[in-house]
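Q: One structure, pasted below without further comment.
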Amino acid sequence: MITDRAVCVGILIAFALLVSILYVVFGQLTVKKLRKNPKTKDALGLEYVSGWDIINVAQALALPKDWSKKLEQGSLSFMHAKASLLLENTNKFDRILGFLFYWLLIFTGFCSVLLVFLNAIGVFVK
């Protein structure tokens, strides 16, 4: 018997698989090009672990310009990619790919945490 919880988990697994594919594609197509560009290689933000700059670039391309400017002007600006410079050096396809990857990543993570919380408080009963 298929439960509501099983359906939700299955959907989240499908989204996580799609996010992982977009992560690799975005990294290979867009971020690799930006790393090779002398103007942008130092504008990708702090890389906590290998590959974190892919998420930094996607965030810079996905967030509204006002939010990106606020992040660039804050005291922790060295941690974030410089959106204004990246927007000048990417094409429309790169921006759409970054937008899709970033917001699907955020959505999947949020829904996963929400599913765990709902399960813990007993929303899904046997």
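Ligands are numbered from 1 in the order shown, residues from 1 within each chain, and chains are lettered A, B, ... in the order they appear in the structure tokens.
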Show me, as a PyMOL selection string, the residues that have an atom within 10 Å of segment 65-71 of chain A when counting only C-alpha atoms, minus same-chain residues fewer than 4 positions from it.
A: chain A and resi 59-61+75-84+87
Q: Include N, CA and C atoms and write out the residues we just selected as a compact mmCIF listing (two decimals), in the first residue's frame.
A:
```txt
# COMPACT_ATOMS: atom_id res chain seq x y z
N GLN A 59 23.35 31.33 -6.86
CA GLN A 59 22.64 32.27 -6.00
C GLN A 59 22.74 33.69 -6.54
N ALA A 60 23.92 34.08 -6.99
CA ALA A 60 24.10 35.43 -7.53
C ALA A 60 23.25 35.66 -8.77
N LEU A 61 23.08 34.63 -9.58
CA LEU A 61 22.28 34.77 -10.80
C LEU A 61 20.79 34.63 -10.53
N SER A 75 29.15 43.29 5.36
CA SER A 75 30.46 43.00 5.94
C SER A 75 30.96 41.60 5.56
N LEU A 76 30.06 40.73 5.14
CA LEU A 76 30.45 39.38 4.73
C LEU A 76 30.42 39.22 3.20
N SER A 77 30.65 40.31 2.50
CA SER A 77 30.56 40.30 1.04
C SER A 77 31.58 39.38 0.38
N PHE A 78 32.70 39.12 1.05
CA PHE A 78 33.71 38.24 0.48
C PHE A 78 33.21 36.81 0.33
N MET A 79 32.15 36.46 1.03
CA MET A 79 31.61 35.11 0.97
C MET A 79 30.71 34.89 -0.24
N HIS A 80 30.19 35.95 -0.80
CA HIS A 80 29.21 35.86 -1.88
C HIS A 80 29.82 36.22 -3.22
N ALA A 81 29.28 35.63 -4.27
CA ALA A 81 29.73 35.96 -5.62
C ALA A 81 29.26 37.36 -5.98
N LYS A 82 30.01 38.02 -6.81
CA LYS A 82 29.68 39.39 -7.24
C LYS A 82 28.73 39.32 -8.43
N ALA A 83 27.45 39.52 -8.14
CA ALA A 83 26.40 39.32 -9.14
C ALA A 83 26.52 40.27 -10.32
N SER A 84 26.86 41.52 -10.06
CA SER A 84 26.94 42.50 -11.16
C SER A 84 27.99 42.08 -12.19
N LEU A 87 26.75 38.85 -14.03
CA LEU A 87 25.69 39.11 -15.01
C LEU A 87 26.26 39.65 -16.32
```
Q: Which residues come within 10 Å of Gly51 of chain A, counting only C-alpha atoms, excluding same-chain residues fewer than 3 positions away, as a PyMOL selection string?
A: chain A and resi 23-24+27+31+47-48+54-56
Q: Would you compute the distance between atom CA of Leu100 of chain A and atom CA of Val7 of chain A? Give it in Å to one decimal.
A: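 Value for the atom CA of Leu100 of chain A-atom CA of Val7 of chain A distance: 23.0 Å.
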Q: As a ChimeraX atom specification, please: every residue in chain A that a backbone DSSP assignment puts in helix (DSSP H, G or I).
A: /A:4-36,52-62,65-73,77-79,83-88,92-120
Q: Phe26 of chain A: which residues within 9 Å, counting only C-alpha atoms, same-chain residues fewer than 4 positions away excluded, as a list in words?
A: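 My list of contacting residues is Ile21, Leu22, Thr30, Val31, Lys32, Ile54, Ala58, Asp94, Leu97, Gly98 and Phe101 of chain A.
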Q: Measuring between only C-alpha atoms, which one of A:Val49, A:Leu63, A:Ile106, A:Leu85 shows the shortest distance to Leu34 of chain A?
A: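 Closest candidate: A:Leu85.
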Q: At a cut-off of 12 Å, using only C-alpha atoms, what residues contact Asp4 of chain A? Leave out same-chain residues fewer than 6 positions from it and give the result as a list in words.
A: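 Near Asp4 of chain A, the qualifying residues are Gly10, Ile11, Leu115, Leu118, Asn119, Val123, Phe124, Val125 and Lys126 of chain A.
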Q: Would you mind reading off the distance between atom CA of Ser112 of chain A and atom CA of Leu12 of chain A, one decimal, in Å?
A: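 Separation of atom CA of Ser112 of chain A and atom CA of Leu12 of chain A: 7.0 Å.
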Q: What does the distance between atom CA of Glu88 of chain A and atom CA of Lys39 of chain A come to in Å, to one decimal place?
A: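 Pair atom CA of Glu88 of chain A / atom CA of Lys39 of chain A returns 10.5 Å.
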